[in-house]
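Everything on this sheet refers to the single structure shown next.
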Amino acid sequence: MFPNAFEYQSPTSLDEAVALLVEHGYEAKILAGGQSLLPMMKLRVAAPTVLVDLGRVPGLDARTENDRELSLGAMTRHASLEWDEDLWARYPLLRETAAWIADPLVRNRGTMAGSLAHADPAADWGAALLALHGSVTVDGPNGSRRVGADDFFVDVFTTRLEPDEVLTAVHIPRPEHDVFATHLKLERKVGDFAVVAVSLQVEIDGDGRIRRPGIGLAGVGPTSLHATAAASLLEGQPLSLELIREAAAKASAATDPASDRRGSADFKRDMVRLFVERGLRSIESRFDEGRRRSA
Ligand SMILES: Cc1cc2nc3c(=O)[nH]c(=O)nc-3n(C[C@H](O)[C@H](O)[C@H](O)COP(=O)(O)OP(=O)(O)OC[C@H]3O[C@@H](n4cnc5c(N)ncnc54)[C@H](O)[C@@H]3O)c2cc1C
């Protein structure tokens with residue numbers, strides 16, 4: 001199907017992009033990679049009359065890193081997070097997650113920020129950003145503000161973004177200890193959205209204790225979810241089978257899935273329990289292997 005007629009705007013500065021959003025309000029939509037917006041327009045689920053393309057706004061593909069955090073400009077594509085070897089050691093969850101998204105064509109065009117702004121509860125990046133304790137910068141007519149991942153997702157396809165605001169950067173804290181991460185996903189077929197996905201990241205200090213644990217969940221609630229009670233249980237503890245099982249049960253209890261064609265609510269809850277347990281056990285064995293090698 002063809003989309004509704006629309007006006008295409010290609011601003012060359014952030015101010016110009018924001019001014020266009022202010023001028024057209026709810027009639028306008030930002031175009032980033034177009035991998036969610038254009039299919040929705042073709043299906044006439046979305047019918048914006050103005051598209052504001054971020055492609056020519058300078059600086060939105062920038063990447064900076066200091067001793068506190070990594071900042072990724074809004075036009076950072078899934079594929080660049082998958083393939084930038086420089087990021088793998090310090091930010092392994094970026095690669096793990098990107099590799100699960102769709103197929104190489106979508107990953108070459110789609111952006112992490114676009115996925116976060118779109119806020120599909122089954123999307124992979126929402127879960128990952130929560131596990132990473134990340135945040136986003138949002139720019140609008142009233143200036144710039146930072147929103148933590150825990151506050152960003154409001155409801156299905158709804159975030160804290162106002163219609164005249166642009167998500168300009170994603171920030172991820174720099175790990176202070178050895179970092180371990182994994183993204184586990186159940187999909188009906190290769191490249192599909194998650195039935196259930198679990199994003200896990202933990203740091204492990206020199207005493208073998210877990211620091212800054214994060215457990216993000218996709219497909220099991222109206223938004224991406226952060227299993228905070230399960231993560232708090234891990235903080236400051238060495239990994240053990242008993243602790244892992246307790247955290248997995250707590251993460252499962254934090255979910256609010258719907259029964260649908262992808263599976264029953266009970267099945268999805270159980271998949272979260274299984275994935276958290278499997279993910280943490282794989283992290284535990286990688287940590288033990290590392291210790292054995294360095295002994
Ligand atoms: C076949 C297919 C399979 C897919 N599989 C998966 C999958 O397995 N997992 C997954 O997570 N995703 C999947 N996706 C979605 C994909 O990840 C998209 O790239 C992503 O959801 C949107 O990013 P985008 O840059 O393409 O955004 P766009 O499609 O350009 O925009 C999406 C929405 O976000 C808004 N927006 C975009 N950027 C900004 C910004 N900087 N500030 C404010 N608002 C903004 C737009 O206005 C629009 O409403 C799939 C898509 C396709 C087509």
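Residues are named by chain letter and number: chains run A, B, ... in the order of the structure tokens, numbers start at 1 in each chain, and ligands are numbered from 1 in the order shown.
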
Please identify every polymer residue within 8 Å of ligand 1, using only C-alpha atoms and all ligand atoms, and present the set as a tab-separated table (two decimals) with N, CA and C atoms, in the first residue's frame.
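Printed below is pocket_27.tsv as written:
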chain	number	residue	atom	x	y	z
A	28	ALA	N	3.59	16.51	12.32
A	28	ALA	CA	4.94	16.19	11.85
A	28	ALA	C	5.48	14.95	12.54
A	29	LYS	N	6.36	14.26	11.84
A	29	LYS	CA	7.07	13.13	12.43
A	29	LYS	C	8.53	13.21	12.02
A	30	ILE	N	9.40	12.89	12.97
A	30	ILE	CA	10.82	12.80	12.64
A	30	ILE	C	11.07	11.53	11.84
A	31	LEU	N	11.92	11.63	10.85
A	31	LEU	CA	12.35	10.46	10.08
A	31	LEU	C	13.83	10.22	10.40
A	32	ALA	N	14.14	9.05	10.97
A	32	ALA	CA	15.55	8.70	11.23
A	32	ALA	C	15.94	7.62	10.21
A	33	GLY	N	15.93	6.35	10.61
A	33	GLY	CA	16.24	5.29	9.64
A	33	GLY	C	15.04	4.87	8.82
A	34	GLY	N	13.86	5.25	9.28
A	34	GLY	CA	12.62	4.95	8.55
A	34	GLY	C	12.17	3.50	8.65
A	35	GLN	N	12.82	2.69	9.46
A	35	GLN	CA	12.54	1.25	9.46
A	35	GLN	C	11.31	0.87	10.30
A	36	SER	N	10.81	1.79	11.10
A	36	SER	CA	9.52	1.57	11.76
A	36	SER	C	8.48	2.53	11.20
A	37	LEU	N	8.89	3.77	10.98
A	37	LEU	CA	7.93	4.79	10.52
A	37	LEU	C	7.40	4.49	9.12
A	38	LEU	N	8.28	4.16	8.18
A	38	LEU	CA	7.81	3.97	6.79
A	38	LEU	C	6.87	2.77	6.65
A	39	PRO	N	7.19	1.60	7.30
A	39	PRO	CA	6.21	0.51	7.24
A	39	PRO	C	4.86	0.93	7.84
A	54	LEU	N	16.21	13.62	9.80
A	54	LEU	CA	17.39	14.04	10.58
A	54	LEU	C	18.70	13.79	9.85
A	74	ALA	N	22.12	10.52	17.86
A	74	ALA	CA	20.84	9.88	17.53
A	74	ALA	C	20.86	9.13	16.20
A	75	MET	N	21.73	9.49	15.28
A	75	MET	CA	21.73	8.80	13.98
A	75	MET	C	22.70	7.61	13.96
A	77	ARG	N	23.57	4.06	13.76
A	77	ARG	CA	22.79	2.95	13.21
A	77	ARG	C	23.05	1.66	14.00
A	78	HIS	N	22.07	0.75	13.95
A	78	HIS	CA	22.24	-0.55	14.61
A	78	HIS	C	23.55	-1.21	14.15
A	100	TRP	N	20.85	-8.97	17.19
A	100	TRP	CA	19.55	-9.65	17.23
A	100	TRP	C	18.47	-8.88	16.46
A	101	ILE	N	18.76	-7.66	16.04
A	101	ILE	CA	17.70	-6.86	15.42
A	101	ILE	C	17.54	-7.20	13.94
A	102	ALA	N	16.34	-7.63	13.60
A	102	ALA	CA	15.92	-7.78	12.20
A	102	ALA	C	16.98	-8.49	11.35
A	103	ASP	N	17.42	-7.84	10.28
A	103	ASP	CA	18.36	-8.40	9.32
A	103	ASP	C	19.35	-7.30	8.94
A	106	VAL	N	17.88	-3.88	7.58
A	106	VAL	CA	17.27	-3.00	8.60
A	106	VAL	C	18.35	-2.42	9.51
A	107	ARG	N	19.34	-3.25	9.85
A	107	ARG	CA	20.39	-2.78	10.76
A	107	ARG	C	21.26	-1.69	10.12
A	109	ARG	N	20.16	0.69	8.21
A	109	ARG	CA	19.42	1.96	8.15
A	109	ARG	C	18.90	2.39	9.52
A	110	GLY	N	18.36	1.45	10.29
A	110	GLY	CA	17.68	1.79	11.55
A	110	GLY	C	18.64	2.32	12.60
A	111	THR	N	18.10	3.12	13.50
A	111	THR	CA	18.94	3.73	14.55
A	111	THR	C	18.46	3.27	15.92
A	112	MET	N	19.43	3.28	16.86
A	112	MET	CA	19.09	2.94	18.24
A	112	MET	C	18.11	3.96	18.80
A	113	ALA	N	18.37	5.25	18.54
A	113	ALA	CA	17.52	6.32	19.08
A	113	ALA	C	16.11	6.22	18.50
A	114	GLY	N	16.02	5.89	17.21
A	114	GLY	CA	14.70	5.74	16.57
A	114	GLY	C	13.91	4.62	17.23
A	115	SER	N	14.60	3.54	17.55
A	115	SER	CA	13.93	2.43	18.22
A	115	SER	C	13.45	2.84	19.60
A	116	LEU	N	14.28	3.58	20.33
A	116	LEU	CA	13.89	4.02	21.68
A	116	LEU	C	12.69	4.98	21.60
A	117	ALA	N	12.74	5.91	20.62
A	117	ALA	CA	11.65	6.88	20.49
A	117	ALA	C	10.36	6.18	20.06
A	118	HIS	N	10.48	5.15	19.26
A	118	HIS	CA	9.31	4.41	18.78
A	118	HIS	C	8.64	3.65	19.93
A	119	ALA	N	9.48	3.12	20.86
A	119	ALA	CA	9.00	2.52	22.12
A	119	ALA	C	8.05	1.33	21.91
A	120	ASP	N	8.41	0.49	20.96
A	120	ASP	CA	7.69	-0.79	20.85
A	120	ASP	C	8.08	-1.62	22.07
A	122	ALA	N	8.20	-4.62	22.49
A	122	ALA	CA	8.95	-5.84	22.14
A	122	ALA	C	10.32	-5.52	21.55
A	123	ALA	N	10.68	-4.23	21.47
A	123	ALA	CA	11.96	-3.86	20.84
A	123	ALA	C	13.14	-4.25	21.72
A	124	ASP	N	14.26	-4.51	21.07
A	124	ASP	CA	15.45	-4.96	21.80
A	124	ASP	C	16.17	-3.83	22.52
A	125	TRP	N	16.23	-2.62	21.90
A	125	TRP	CA	17.05	-1.56	22.50
A	125	TRP	C	16.49	-1.02	23.82
A	126	GLY	N	15.16	-1.06	23.96
A	126	GLY	CA	14.58	-0.58	25.22
A	126	GLY	C	15.09	-1.41	26.39
A	138	VAL	N	17.36	14.93	25.29
A	138	VAL	CA	16.22	15.35	24.48
A	138	VAL	C	16.34	16.86	24.29
A	161	LEU	N	9.05	11.86	25.38
A	161	LEU	CA	9.30	12.85	24.32
A	161	LEU	C	8.03	13.63	23.99
A	165	GLU	N	10.02	17.63	20.30
A	165	GLU	CA	11.37	17.33	20.82
A	165	GLU	C	12.07	16.26	19.98
A	166	VAL	N	13.39	16.38	19.97
A	166	VAL	CA	14.25	15.41	19.26
A	166	VAL	C	15.10	14.68	20.29
A	167	LEU	N	15.13	13.37	20.21
A	167	LEU	CA	16.09	12.61	21.02
A	167	LEU	C	17.44	12.76	20.31
A	168	THR	N	18.39	13.43	20.93
A	168	THR	CA	19.63	13.74	20.20
A	168	THR	C	20.80	12.81	20.55
A	169	ALA	N	20.78	12.20	21.74
A	169	ALA	CA	21.90	11.32	22.07
A	169	ALA	C	21.48	10.28	23.11
A	191	GLY	N	14.94	-12.77	12.67
A	191	GLY	CA	14.75	-11.37	12.30
A	191	GLY	C	13.46	-10.77	12.81
A	192	ASP	N	12.68	-11.56	13.52
A	192	ASP	CA	11.38	-11.07	14.00
A	192	ASP	C	11.57	-10.32	15.33
A	193	PHE	N	10.55	-9.55	15.69
A	193	PHE	CA	10.53	-8.95	17.02
A	193	PHE	C	10.46	-10.06	18.07
A	194	ALA	N	10.82	-9.70	19.30
A	194	ALA	CA	10.88	-10.69	20.36
A	194	ALA	C	9.49	-11.16	20.79

Exercise for review: Using only C-alpha atoms, determine which residues lie at most 10 Å from Thr49 of chain A, disregarding the query and same-chain residues fewer than 2 positions distant; provide the list as a list in words.
Suggested key: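 In the requested format, the answer is Asn4, Ala5, Phe6, Glu7, Tyr8, His24, Tyr26, Glu27, Ala28, Lys29, Ala46, Ala47 and Leu51 of chain A.
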
**Study point:** Those of segment 7-233 of chain A in DSSP strand (DSSP E), formatted as JSON, numbers by chain
**Key:** {"A": [7, 8, 9, 28, 29, 30, 31, 50, 51, 52, 53, 63, 64, 65, 69, 70, 71, 72, 73, 135, 136, 137, 138, 139, 140, 143, 144, 145, 146, 147, 148, 153, 154, 155, 158, 159, 166, 167, 168, 169, 170, 171, 172, 173, 178, 179, 180, 181, 182, 183, 184, 185, 186, 187, 194, 195, 196, 197, 198, 199, 200, 201, 202, 203, 204, 210, 211, 212, 213, 214, 215, 216, 217, 218, 225, 226]}

**Study point:** Shell around segment 176-183 of chain A at 7 Å using only C-alpha atoms, local window under 4 positions removed, as JSON, numbers by chain
**Key:** {"A": [90, 92, 93, 96, 97, 198, 199, 200, 201, 202, 203, 204, 205, 279, 283]}

Exercise for review: Give the helix (DSSP H, G or I) residues of segment 78-169 of chain A, as assigned by DSSP on the backbone, as a PyMOL selection string.
Suggested key: chain A and resi 78-83+85-88+92-98+104-109+112-118+124-131+149-152

Dump as a PDB file, in the first residue's frame, selection limited to C-alpha atoms:
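The file below, result.pdb, is the result:
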ATOM      1  CA  HIS A  78      22.237  -0.549  14.614  1.00  0.00           C
ATOM      2  CA  ALA A  79      24.970  -1.870  12.289  1.00  0.00           C
ATOM      3  CA  SER A  80      27.648   0.486  13.579  1.00  0.00           C
ATOM      4  CA  LEU A  81      27.005  -0.785  17.123  1.00  0.00           C
ATOM      5  CA  GLU A  82      27.196  -4.335  15.857  1.00  0.00           C
ATOM      6  CA  TRP A  83      30.486  -3.910  14.015  1.00  0.00           C
ATOM      7  CA  GLU A  85      35.160  -3.521  17.532  1.00  0.00           C
ATOM      8  CA  ASP A  86      36.402  -0.594  19.611  1.00  0.00           C
ATOM      9  CA  LEU A  87      33.196  -0.794  21.675  1.00  0.00           C
ATOM     10  CA  TRP A  88      33.036  -4.545  22.213  1.00  0.00           C
ATOM     11  CA  PRO A  92      29.534  -5.752  24.988  1.00  0.00           C
ATOM     12  CA  LEU A  93      25.749  -5.464  25.301  1.00  0.00           C
ATOM     13  CA  LEU A  94      25.637  -3.050  22.344  1.00  0.00           C
ATOM     14  CA  ARG A  95      26.946  -5.673  19.955  1.00  0.00           C
ATOM     15  CA  GLU A  96      24.986  -8.512  21.548  1.00  0.00           C
ATOM     16  CA  THR A  97      21.744  -6.557  21.152  1.00  0.00           C
ATOM     17  CA  ALA A  98      22.327  -5.046  17.715  1.00  0.00           C
ATOM     18  CA  PRO A 104      21.427  -6.606   7.889  1.00  0.00           C
ATOM     19  CA  LEU A 105      19.270  -4.351   5.668  1.00  0.00           C
ATOM     20  CA  VAL A 106      17.266  -3.002   8.598  1.00  0.00           C
ATOM     21  CA  ARG A 107      20.390  -2.778  10.763  1.00  0.00           C
ATOM     22  CA  ASN A 108      22.167  -0.688   8.115  1.00  0.00           C
ATOM     23  CA  ARG A 109      19.416   1.957   8.154  1.00  0.00           C
ATOM     24  CA  MET A 112      19.091   2.936  18.241  1.00  0.00           C
ATOM     25  CA  ALA A 113      17.518   6.316  19.080  1.00  0.00           C
ATOM     26  CA  GLY A 114      14.704   5.736  16.574  1.00  0.00           C
ATOM     27  CA  SER A 115      13.931   2.427  18.216  1.00  0.00           C
ATOM     28  CA  LEU A 116      13.886   4.025  21.679  1.00  0.00           C
ATOM     29  CA  ALA A 117      11.649   6.878  20.485  1.00  0.00           C
ATOM     30  CA  HIS A 118       9.314   4.407  18.776  1.00  0.00           C
ATOM     31  CA  ASP A 124      15.448  -4.963  21.803  1.00  0.00           C
ATOM     32  CA  TRP A 125      17.052  -1.562  22.504  1.00  0.00           C
ATOM     33  CA  GLY A 126      14.582  -0.579  25.219  1.00  0.00           C
ATOM     34  CA  ALA A 127      15.492  -3.639  27.280  1.00  0.00           C
ATOM     35  CA  ALA A 128      19.203  -3.079  26.642  1.00  0.00           C
ATOM     36  CA  LEU A 129      19.161   0.596  27.638  1.00  0.00           C
ATOM     37  CA  LEU A 130      17.481  -0.332  30.938  1.00  0.00           C
ATOM     38  CA  ALA A 131      20.053  -3.061  31.615  1.00  0.00           C
ATOM     39  CA  ALA A 149      15.954   5.029  30.905  1.00  0.00           C
ATOM     40  CA  ASP A 150      13.821   4.137  33.933  1.00  0.00           C
ATOM     41  CA  ASP A 151      11.712   7.284  33.374  1.00  0.00           C
ATOM     42  CA  PHE A 152      11.681   7.324  29.588  1.00  0.00           C
TER      43      PHE A 152
END

Review point. Please, what distance in Å, to one decimal, runs between atom CA of Glu16 of chain A and atom CA of Val57 of chain A?
Key: 8.9 Å

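In this comparison, which uses only C-alpha atoms, the residue of A:Arg211, A:Leu239, A:Leu234, A:Ala227 approaching Ala251 of chain A most closely is A:Ala227.
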
Exercise for review: Compile the contact shell of Ala247 of chain A as a list in words: residues with an atom at most 6 Å away, counting only C-alpha atoms, same-chain residues fewer than 3 positions apart removed.
Suggested key: Ala230, Ile244 and Lys250 of chain A

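Each of A:Val156, A:Val190, A:Glu242, A:Phe267 was compared to Ala99 of chain A using only C-alpha atoms, and A:Val190 turns out to be the nearest.
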
Study note, to complete from the structure: Judged by only C-alpha atoms, the minimum distance to Ile215 of chain A among A:Ser285, A:Leu132, A:Gly236, A:Pro257 is found for A:Leu132

Please provide the set of residues having any atom within 9 Å of Ala253 of chain A, restricted to only C-alpha atoms, with same-chain residues fewer than 3 positions apart removed, written as a PDB file with N, CA and C atoms, in the first residue's frame.
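result.pdb written:
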ATOM      1  N   ALA A 227      13.792  -5.100  35.566  1.00  0.00           N
ATOM      2  CA  ALA A 227      13.520  -5.964  36.727  1.00  0.00           C
ATOM      3  C   ALA A 227      14.389  -5.494  37.893  1.00  0.00           C
ATOM      4  N   ALA A 248      16.115 -14.879  39.075  1.00  0.00           N
ATOM      5  CA  ALA A 248      15.305 -15.258  37.900  1.00  0.00           C
ATOM      6  C   ALA A 248      13.820 -15.286  38.271  1.00  0.00           C
ATOM      7  N   ALA A 249      13.513 -15.817  39.446  1.00  0.00           N
ATOM      8  CA  ALA A 249      12.106 -15.876  39.886  1.00  0.00           C
ATOM      9  C   ALA A 249      11.573 -14.465  40.103  1.00  0.00           C
ATOM     10  N   LYS A 250      12.404 -13.607  40.682  1.00  0.00           N
ATOM     11  CA  LYS A 250      11.962 -12.216  40.926  1.00  0.00           C
ATOM     12  C   LYS A 250      11.738 -11.463  39.607  1.00  0.00           C
ATOM     13  N   ASP A 256       4.422  -8.380  33.182  1.00  0.00           N
ATOM     14  CA  ASP A 256       2.972  -8.237  33.060  1.00  0.00           C
ATOM     15  C   ASP A 256       2.586  -8.556  31.609  1.00  0.00           C
ATOM     16  N   ARG A 269       6.120 -15.530  30.992  1.00  0.00           N
ATOM     17  CA  ARG A 269       6.721 -15.357  32.332  1.00  0.00           C
ATOM     18  C   ARG A 269       7.792 -16.416  32.568  1.00  0.00           C
ATOM     19  N   ARG A 273      12.002 -16.221  33.299  1.00  0.00           N
ATOM     20  CA  ARG A 273      12.718 -16.923  34.375  1.00  0.00           C
ATOM     21  C   ARG A 273      13.868 -17.748  33.782  1.00  0.00           C
TER      22      ARG A 273
END

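Between atom CA of Glu69 of chain A and atom CA of His171 of chain A there is a distance of 6.4 Å.
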
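For the pair atom CA of Gly25 of chain A and atom CA of Arg145 of chain A, the separation is 19.4 Å.
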
Exercise for review: Find the residue from A:Leu70, A:Met271, A:Ile210, A:Leu225 that sits nearest to Leu243 of chain A; use only C-alpha atoms when measuring.
Suggested key: A:Ile210

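The environment of Leu20 of chain A within 9 Å, counting only C-alpha atoms and disregarding residues fewer than 2 places along the same chain, consists of A:Gln9, A:Pro11, A:Asp15, A:Glu16, A:Ala17, A:Val18, A:Val22, A:Glu23, A:His24, A:Gly25, A:Ala28, A:Val50, A:Val52, A:Asp164.
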
Could those selected residues go to a file with N, CA and C atoms, as a compact mmCIF listing (two decimals), in the first residue's frame?
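Output below, filename result15.txt:
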# COMPACT_ATOMS: atom_id res chain seq x y z
N GLN A 9 10.78 17.38 4.63
CA GLN A 9 11.68 18.46 5.03
C GLN A 9 13.02 17.86 5.42
N PRO A 11 16.02 19.41 7.25
CA PRO A 11 16.73 20.52 7.89
C PRO A 11 18.23 20.27 7.96
N ASP A 15 18.35 23.31 15.31
CA ASP A 15 17.38 24.40 15.55
C ASP A 15 16.29 24.38 14.48
N GLU A 16 16.72 24.17 13.23
CA GLU A 16 15.76 24.15 12.13
C GLU A 16 14.79 22.96 12.29
N ALA A 17 15.33 21.82 12.70
CA ALA A 17 14.49 20.63 12.88
C ALA A 17 13.45 20.90 13.98
N VAL A 18 13.91 21.47 15.09
CA VAL A 18 12.99 21.75 16.21
C VAL A 18 11.94 22.77 15.77
N VAL A 22 7.94 22.39 16.00
CA VAL A 22 7.09 23.36 16.70
C VAL A 22 5.99 23.85 15.75
N GLU A 23 6.40 24.15 14.52
CA GLU A 23 5.43 24.69 13.54
C GLU A 23 4.31 23.68 13.23
N HIS A 24 4.68 22.40 13.07
CA HIS A 24 3.68 21.43 12.58
C HIS A 24 3.09 20.55 13.68
N GLY A 25 3.64 20.59 14.90
CA GLY A 25 3.06 19.85 16.03
C GLY A 25 2.84 18.38 15.73
N ALA A 28 3.59 16.51 12.32
CA ALA A 28 4.94 16.19 11.85
C ALA A 28 5.48 14.95 12.54
N VAL A 50 3.89 15.90 7.52
CA VAL A 50 5.25 16.44 7.31
C VAL A 50 6.26 15.45 7.89
N VAL A 52 10.22 15.14 8.99
CA VAL A 52 11.41 15.94 9.26
C VAL A 52 12.59 14.98 9.33
N ASP A 164 7.38 18.13 19.88
CA ASP A 164 8.34 19.09 19.30
C ASP A 164 9.77 18.85 19.81
